[in-house]
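S.K.: Below is a structure I'd like to ask you about.
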Number of protein chains: 2
Amino acid sequence: MAKRRKVSNLLALAVLSALAQRAMHPYEIATTLRAWGKDQDMQIKWGSLYTVIRNMDKHGMIAAVQSSREGRRPERTVYRITDSGRAELVDWARELVSTPMPEQPRFRAGLSVLAVLHPDEATRLLRRRLDLLEDNLTAARDALAQHTRHIPRLFLVESEYDLAVQEAEAAWIRSLLAELTSGSYPGLDVWRAFHETGEMPAELTELAERTSSTE
Amino acid sequence: MAKRRKVSNLLALAVLSALAQRAMHPYEIATTLRAWGKDQDMQIKWGSLYTVIRNMDKHGMIAAVQSSREGRRPERTVYRITDSGRAELVDWARELVSTPMPEQPRFRAGLSVLAVLHPDEATRLLRRRLDLLEDNLTAARDALAQHTRHIPRLFLVESEYDLAVQEAEAAWIRSLLAELTSGSYPGLDVWRAFHETGEMPAELTELAERTSSTE
DNA sequence: GTACATATACTCGTCTGCAAGTAATCGCAT
DNA sequence: ATGCGATTACTTGCAGACGAGTATATGTAC
C-alpha cells in the first residue's frame with residue numbers, strides 16, 4: 001500500500017520543496033525553511049538535516065552541484081534537486097494529502113491514562129490546558145491574519161488547518177469540562193470513590209482482567 | 001520546563017499503566033495492551049517493547065519479580081511497578097493532559113506542499129481523503145457505541161476525543177473543497193496557470209526569495 | 001502419530017535521530 | 001587592534017527504535 005519511502009523523515013519533504021526553488025547548501029536550506037515558517041510543520045534538527053541529506057543524495061533525489069571551500073571554512077556542498085527527487089516530492093505530497101494515517105497525539109495518550117488522576121485534579125489540569133490552548137489560538141489567529149495580507153492563502157493552508165483542529169480540541173475539552181464540573185459525567189462518583197477510598201469497584205476489576213479482544 | 005523523561009517513549013506510559021494493574025512479563029503486557037485497544041493510542045512494536053522495559057528497569061520504575069524458565073522455553077521475566085514508577089505514571093499523565101505540545105501531523109506536512117500539485121489533482125485527492133475519513137468515522141462511531149455498552153465512558157475518553165478531532169478535520173476539508181470546486185478559492189487561477197503554463201508569477205518568485213523572517 | 005500452522009516469548013543487529021561538539025568568520029564595542 | 005559574542009557550517013558519537021530472526025510449544029487436521 002503506502003510503499004515505504006527510501007527516506008521517511010518528513011524533513012526530507014521540506015528539503016525537497018526548498019531545493020525545488022533553487023540549489024542550496026544544507027545550512028541555507030535550514031534557514032530558508034525556518035524563514036518560511038516550515039519549522040512549524042516538521043522538526044528541523046541540525047543532526048537530522050545532514051543525515052537526511054546524505055541519504056537523499058545516496059538515493060539520487062538530490063545531487064551535489066559543487067563543493068566549495070572558502071578560505072579555511074568548513075566545506076560547503078551545494079545540492080540541487082534531481083528529476084527523481086521532483087517525482088518523489090509530488091508522489092509524497094499526493095500520499096500525504098490523500099491518505100489519512102492514524103496519528104498518536106500526546107494528548108490522546110494522556111487521556112488514555114486519565115483515570116490514574118483524581119477527577120478534581122483532572123478537571124483542574126484540563127482547564128489549564130484549555131487556557132493555554134486558547135492563548136495559543138488567539139496568537140495563531142493573529143499571526144495568520146497578519147500573514148494573509150502578504151502571502152496567498154494557498155501557502156497558509158496548513159496554518160488554517162491547524163487552527164481548525166485546535167479549535168475543535170478546545171471545544172471538545174470545554175464540553176468535557178462542563179460535564180465534569182456539573183457532575184453529570186457518568187461514573188464520576190465511582191471514579192472519585194476509587195481515588196478517595198482506594199476501593200476498586202467489582203465491575204472495574206473484572207473489566208481490567210478481561211483479556212479478550214473488545215473488537 | 002517539561003523536564004525530559006528518563007524514558008521518553010510513550011510505550012513506557014502504557015507499560016506503566018498495565019503494570020499498575022498487576023505484575024506481568026513483557027509479552028503479556030503487550031497482549032494485554034492490545035486487548036485494551038491501547039495500540040490505538042501508541043505504537044506497540046516488539047523491538048521497542050524490550051528496549052523500553054530494559055530502560056525502565058534501569059531507571060527503577062519497574063523491577064523484576066521473578067525470572068522463570070519453564071521447560072526449555074525462553075526465559076520469562078515478570079516485572080512489577082515500583083513506587084517511583086507509580087509516581088512517574090501520575091506525573092506523566094498530569095503533563096500530557098495539562099500541557100499542549102506542538103504536534104506535526106502528516107496531513108499538515110502534506111498541505112504545506114499542496115502547491116506542487118495541480119489544483120484539480122489536489123481537489124481529487126482531498127475528496128478521496130474525505131471519503132476515507134468518513135468511512136473511518138462511521139466505523140469509529142459504531143465501535144464506540146458498542147463499547148459504551150460494556151465499558152465506562154472514562155475508559156473511552158481518548159476515543160471520544162479522537163472522533164471529535166477527526167470530525168473537525170472532515171468538516172475543514174469539506175469547506176476547503178467547496179471553495180475549490182466553486183472556484184471561489186482566492187488565487188486559484190494563478191495556481192492553475194502556474195501548473196499549466198509553468199509560468200511563475202512575479203509576486204511568487206519574490207515571495208520565495210524573501211528570506212527575512214515573517215514573524 | 002505426524003506434519004503444518006499458529007502462538008509464545010524473546011534477541012540481535014542495523015539504521016536513524018539528534019544533542020553536543022568543533023572550528024572558522026563576522027560584527028562591533030572598547 | 002583586540003577581545004568576545006553571535007553567526008556560519010558542519011561532524012561525531014551514542015542512544016533509541018524496530019524489522020527480522022530464532023526457538024520452543026501447542027493445537028489440529030488427516
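Chain labels run A, B, ... following the order of the C-alpha cells; each chain numbers its residues from 1, and ligands are numbered from 1 in the order shown.
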Compile the contact shell of range 5-10 of chain C as a VMD selection string: residues with an atom at most 12 Å away, counting only C-alpha atoms (C1' of nucleotides), same-chain residues fewer than 6 positions apart removed.
M.R.: (chain B and resid 25 to 31 46 to 47 49 to 51 69 to 70 72 to 77) or (chain D and resid 21 to 29)
S.K.: Write a file of the selected residues as a CSV table (one decimal), in the first residue's frame, keeping C-alpha atoms (C1' of nucleotides).
M.R.:
```
chain,number,residue,atom,x,y,z
B,25,HIS,CA,6.1,-10.3,31.8
B,26,PRO,CA,6.7,-8.3,28.7
B,27,TYR,CA,4.9,-10.4,26.2
B,28,GLU,CA,1.9,-10.4,28.5
B,29,ILE,CA,2.0,-6.7,28.8
B,30,ALA,CA,1.9,-6.3,25.0
B,31,THR,CA,-1.1,-8.7,24.6
B,46,TRP,CA,8.1,-5.7,19.6
B,47,GLY,CA,11.6,-4.4,19.3
B,49,LEU,CA,9.0,-3.1,24.0
B,50,TYR,CA,12.0,-4.8,25.3
B,51,THR,CA,14.3,-1.8,24.9
B,69,ARG,CA,12.2,-20.8,32.8
B,70,GLU,CA,9.6,-23.4,32.1
B,72,ARG,CA,13.3,-25.2,27.7
B,73,ARG,CA,11.3,-22.1,26.7
B,74,PRO,CA,12.9,-18.7,26.6
B,75,GLU,CA,13.3,-17.1,30.0
B,76,ARG,CA,10.3,-15.1,31.1
B,77,THR,CA,10.9,-12.1,33.4
D,21,DG,C1',15.1,-13.6,13.0
D,22,DT,C1',15.1,-17.6,16.4
D,23,DA,C1',13.4,-21.3,19.0
D,24,DT,C1',10.1,-23.8,21.6
D,25,DA,C1',5.3,-25.2,22.5
D,26,DT,C1',0.6,-26.1,21.3
D,27,DG,C1',-3.3,-27.0,18.6
D,28,DT,C1',-5.5,-29.7,14.8
D,29,DA,C1',-6.4,-31.9,10.6
```
S.K.: Excluding His147 in chain B and any residue of its chain fewer than 3 positions from it, enumerate the residues within 12 Å of it, using only C-alpha atoms (C1' of nucleotides), and give them as an NGL selection string.
M.R.: (:A and (207 or 213-215)) or (:B and (36-37 or 140-144 or 150-157 or 159-160))
S.K.: Output N, CA and C atoms of each residue in that selection to a file, as a short mmCIF file (atom, residue, chain, number, x, y, z; two decimals), in the first residue's frame.
M.R.:
```
data_model
loop_
_atom_site.label_atom_id
_atom_site.label_comp_id
_atom_site.auth_asym_id
_atom_site.auth_seq_id
_atom_site.Cartn_x
_atom_site.Cartn_y
_atom_site.Cartn_z
N LEU A 207 -13.37 -5.89 34.50
CA LEU A 207 -13.02 -5.28 33.22
C LEU A 207 -11.53 -5.37 32.95
N SER A 213 -10.27 -9.72 23.21
CA SER A 213 -10.34 -8.51 22.39
C SER A 213 -11.75 -7.92 22.44
N THR A 214 -11.80 -6.62 22.49
CA THR A 214 -13.09 -5.95 22.52
C THR A 214 -13.57 -5.57 21.12
N GLU A 215 -12.76 -5.89 20.15
CA GLU A 215 -13.16 -5.55 18.76
C GLU A 215 -14.27 -6.47 18.30
N TRP B 36 -6.79 -4.21 25.36
CA TRP B 36 -7.43 -2.98 25.84
C TRP B 36 -7.57 -1.93 24.74
N GLY B 37 -7.04 -2.25 23.57
CA GLY B 37 -7.13 -1.30 22.48
C GLY B 37 -6.15 -0.14 22.60
N ALA B 140 -15.67 4.14 13.42
CA ALA B 140 -15.25 4.51 14.78
C ALA B 140 -16.46 4.83 15.65
N ARG B 141 -17.44 5.50 15.07
CA ARG B 141 -18.66 5.83 15.82
C ARG B 141 -19.37 4.55 16.23
N ASP B 142 -19.48 3.60 15.31
CA ASP B 142 -20.11 2.32 15.61
C ASP B 142 -19.38 1.61 16.75
N ALA B 143 -18.07 1.50 16.58
CA ALA B 143 -17.26 0.79 17.57
C ALA B 143 -17.44 1.43 18.94
N LEU B 144 -17.40 2.75 18.97
CA LEU B 144 -17.54 3.46 20.24
C LEU B 144 -18.90 3.17 20.87
N HIS B 150 -20.50 -1.66 27.42
CA HIS B 150 -19.86 -2.51 28.42
C HIS B 150 -18.82 -1.78 29.25
N ILE B 151 -18.29 -0.68 28.71
CA ILE B 151 -17.15 -0.02 29.33
C ILE B 151 -17.53 1.39 29.74
N PRO B 152 -17.18 1.81 30.95
CA PRO B 152 -17.49 3.18 31.39
C PRO B 152 -16.85 4.20 30.46
N ARG B 153 -17.50 5.32 30.28
CA ARG B 153 -17.02 6.34 29.35
C ARG B 153 -15.61 6.82 29.68
N LEU B 154 -15.28 6.81 30.98
CA LEU B 154 -13.95 7.26 31.41
C LEU B 154 -12.84 6.54 30.66
N PHE B 155 -13.08 5.26 30.34
CA PHE B 155 -12.03 4.48 29.67
C PHE B 155 -12.14 4.57 28.15
N LEU B 156 -13.05 5.39 27.68
CA LEU B 156 -13.20 5.56 26.23
C LEU B 156 -12.97 7.02 25.84
N VAL B 157 -12.53 7.80 26.84
CA VAL B 157 -12.43 9.23 26.63
C VAL B 157 -11.48 9.58 25.49
N SER B 159 -11.04 7.84 22.78
CA SER B 159 -11.74 7.58 21.52
C SER B 159 -12.72 8.70 21.21
N GLU B 160 -13.36 9.21 22.23
CA GLU B 160 -14.29 10.32 22.01
C GLU B 160 -13.53 11.54 21.49
#
```
S.K.: Rounded to one decimal, what separation in Å do you get between CA of Glu199 in chain B and CA of Ala87 in chain A?
M.R.: 19.3 Å
S.K.: List every residue of range 135-188 of chain A that DSSP, applied to the backbone of this structure, places in alpha helix (DSSP H), and write the result as number ranges by chain.
M.R.: A: 135-150, 157-182, 188
S.K.: Give me the residues within 9 Å of range 101-104 of chain A as a PyMOL selection string, counting only C-alpha atoms (C1' of nucleotides) and dropping any in the same chain fewer than 4 places off.
M.R.: (chain A and resi 96+108-109) or (chain B and resi 40-43+105-107)
S.K.: May I have the residues from that selection written out with C-alpha atoms, as a PDB file, in the first residue's frame?
M.R.:
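Done, and the output landed in part.pdb:
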```
ATOM      1  CA  LEU A  96       0.136  12.716   2.475  1.00  0.00           C
ATOM      2  CA  ARG A 108      -4.605  11.180  23.368  1.00  0.00           C
ATOM      3  CA  ALA A 109      -2.038   9.146  25.285  1.00  0.00           C
TER       4      ALA A 109
ATOM      5  CA  GLN B  40      -4.636   2.789  19.005  1.00  0.00           C
ATOM      6  CA  ASP B  41      -3.088   5.284  21.408  1.00  0.00           C
ATOM      7  CA  MET B  42       0.576   4.469  20.893  1.00  0.00           C
ATOM      8  CA  GLN B  43       2.679   2.205  18.733  1.00  0.00           C
ATOM      9  CA  PRO B 105       0.519  15.532  11.780  1.00  0.00           C
ATOM     10  CA  ARG B 106       1.454  14.118   8.390  1.00  0.00           C
ATOM     11  CA  PHE B 107      -1.533  15.770   6.736  1.00  0.00           C
TER      12      PHE B 107
END
```
S.K.: Could you please tell me, as a PyMOL selection string, which residues of chain C have an atom within 12 Å of chain A when using only C-alpha atoms (C1' of nucleotides)?
M.R.: chain C and resi 15-25
S.K.: Residues of chain D within 9 Å of chain A, using only C-alpha atoms (C1' of nucleotides), as a PyMOL selection string?
M.R.: chain D and resi 8-10
S.K.: Distance CA of Val113 in chain A-CA of Leu163 in chain A, one decimal place?
M.R.: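 Going from CA of Val113 in chain A over to CA of Leu163 in chain A, I get 26.3 Å.
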S.K.: Could you pull out the strand (DSSP E or B) residues of range 4-86 of chain B from DSSP and send them as a ChimeraX atom specification?
M.R.: /B:24,62-68,76-81
S.K.: Mind dumping the selected residues with C-alpha atoms as a short mmCIF file (atom, residue, chain, number, x, y, z; two decimals), in the first residue's frame?
M.R.:
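So the final result, stored in out32.cif, reads:
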```
data_model
loop_
_atom_site.label_atom_id
_atom_site.label_comp_id
_atom_site.auth_asym_id
_atom_site.auth_seq_id
_atom_site.Cartn_x
_atom_site.Cartn_y
_atom_site.Cartn_z
CA MET B 24 3.35 -9.23 34.17
CA ILE B 62 9.78 -1.25 37.39
CA ALA B 63 11.55 -4.21 38.99
CA ALA B 64 11.93 -7.87 38.10
CA VAL B 65 9.86 -10.08 40.38
CA GLN B 66 10.98 -13.47 39.17
CA SER B 67 12.66 -14.96 36.20
CA SER B 68 11.25 -18.38 35.47
CA ARG B 76 10.30 -15.07 31.14
CA THR B 77 10.94 -12.15 33.43
CA VAL B 78 7.93 -10.90 35.37
CA TYR B 79 8.03 -7.21 36.28
CA ARG B 80 6.13 -5.19 38.84
CA ILE B 81 5.72 -1.42 39.05
#
```
S.K.: In terms of the shortest atom-to-atom distance over only C-alpha atoms, which of B:Ala145, B:Ala178, B:Leu33, B:Leu126 is closest to chain A?
M.R.: B:Leu126
S.K.: Which one is closest to chain B: A:Glu169, A:Asp189, A:Glu134, A:Asp39? Count only C-alpha atoms.
M.R.: A:Glu169
S.K.: Can you tell me which residues surround DG3 in chain D at a distance of at most 12 Å, considering only C-alpha atoms (C1' of nucleotides), apart from same-chain residues fewer than 5 positions away, and format the answer as an NGL selection string?
M.R.: :C and (28-30)
S.K.: Would you mind exporting the chosen residues as a PDB file, in the first residue's frame, restricted to N, CA and C atoms (P, O5', C5', C4', C3', O3' and C1' of nucleotides)?
M.R.:
```pdb
ATOM      1  P    DC C  28      27.287  45.289  13.411  1.00  0.00           P
ATOM      2  O5'  DC C  28      27.964  45.786  14.763  1.00  0.00           O
ATOM      3  C5'  DC C  28      27.959  44.959  15.942  1.00  0.00           C
ATOM      4  C4'  DC C  28      28.948  45.492  16.960  1.00  0.00           C
ATOM      5  C3'  DC C  28      29.320  46.978  16.770  1.00  0.00           C
ATOM      6  O3'  DC C  28      29.411  47.601  18.041  1.00  0.00           O
ATOM      7  C1'  DC C  28      31.253  45.714  16.891  1.00  0.00           C
ATOM      8  P    DA C  29      28.144  48.419  18.634  1.00  0.00           P
ATOM      9  O5'  DA C  29      28.578  48.508  20.162  1.00  0.00           O
ATOM     10  C5'  DA C  29      28.676  47.296  20.929  1.00  0.00           C
ATOM     11  C4'  DA C  29      29.995  47.267  21.687  1.00  0.00           C
ATOM     12  C3'  DA C  29      30.435  48.607  22.301  1.00  0.00           C
ATOM     13  O3'  DA C  29      30.732  48.366  23.674  1.00  0.00           O
ATOM     14  C1'  DA C  29      32.219  47.616  21.112  1.00  0.00           C
ATOM     15  P    DT C  30      30.906  49.561  24.699  1.00  0.00           P
ATOM     16  O5'  DT C  30      32.464  49.519  24.997  1.00  0.00           O
ATOM     17  C5'  DT C  30      33.075  48.299  25.475  1.00  0.00           C
ATOM     18  C4'  DT C  30      34.588  48.405  25.310  1.00  0.00           C
ATOM     19  C3'  DT C  30      35.206  49.700  25.871  1.00  0.00           C
ATOM     20  O3'  DT C  30      36.234  49.378  26.804  1.00  0.00           O
ATOM     21  C1'  DT C  30      36.021  49.246  23.691  1.00  0.00           C
TER      22       DT C  30
END
```
S.K.: Rounded to one decimal place, report the CA of Glu179 in chain B-CA of Val15 in chain A distance in Å.
M.R.: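 Computing it gives 29.5 Å between the two atoms.
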S.K.: Just checking: using only C-alpha atoms (C1' of nucleotides), which residue out of D:DA6, D:DC30, D:DA15, D:DA1 ends up closest to Lys6 in chain B?
M.R.: D:DA15
S.K.: Using only C-alpha atoms, which of the listed residues (A:Leu114, A:Ala12, A:Met56, A:Met200) sits closest to chain B?
M.R.: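 Nearest to chain B: A:Leu114.
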S.K.: Looking at A:Asp120, A:Asp83, A:Asp162, A:Glu167, which one is nearest to Met61 in chain A, with distances taken over only C-alpha atoms?
M.R.: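 Ranked by minimum distance to Met61 in chain A, first place goes to A:Asp83.
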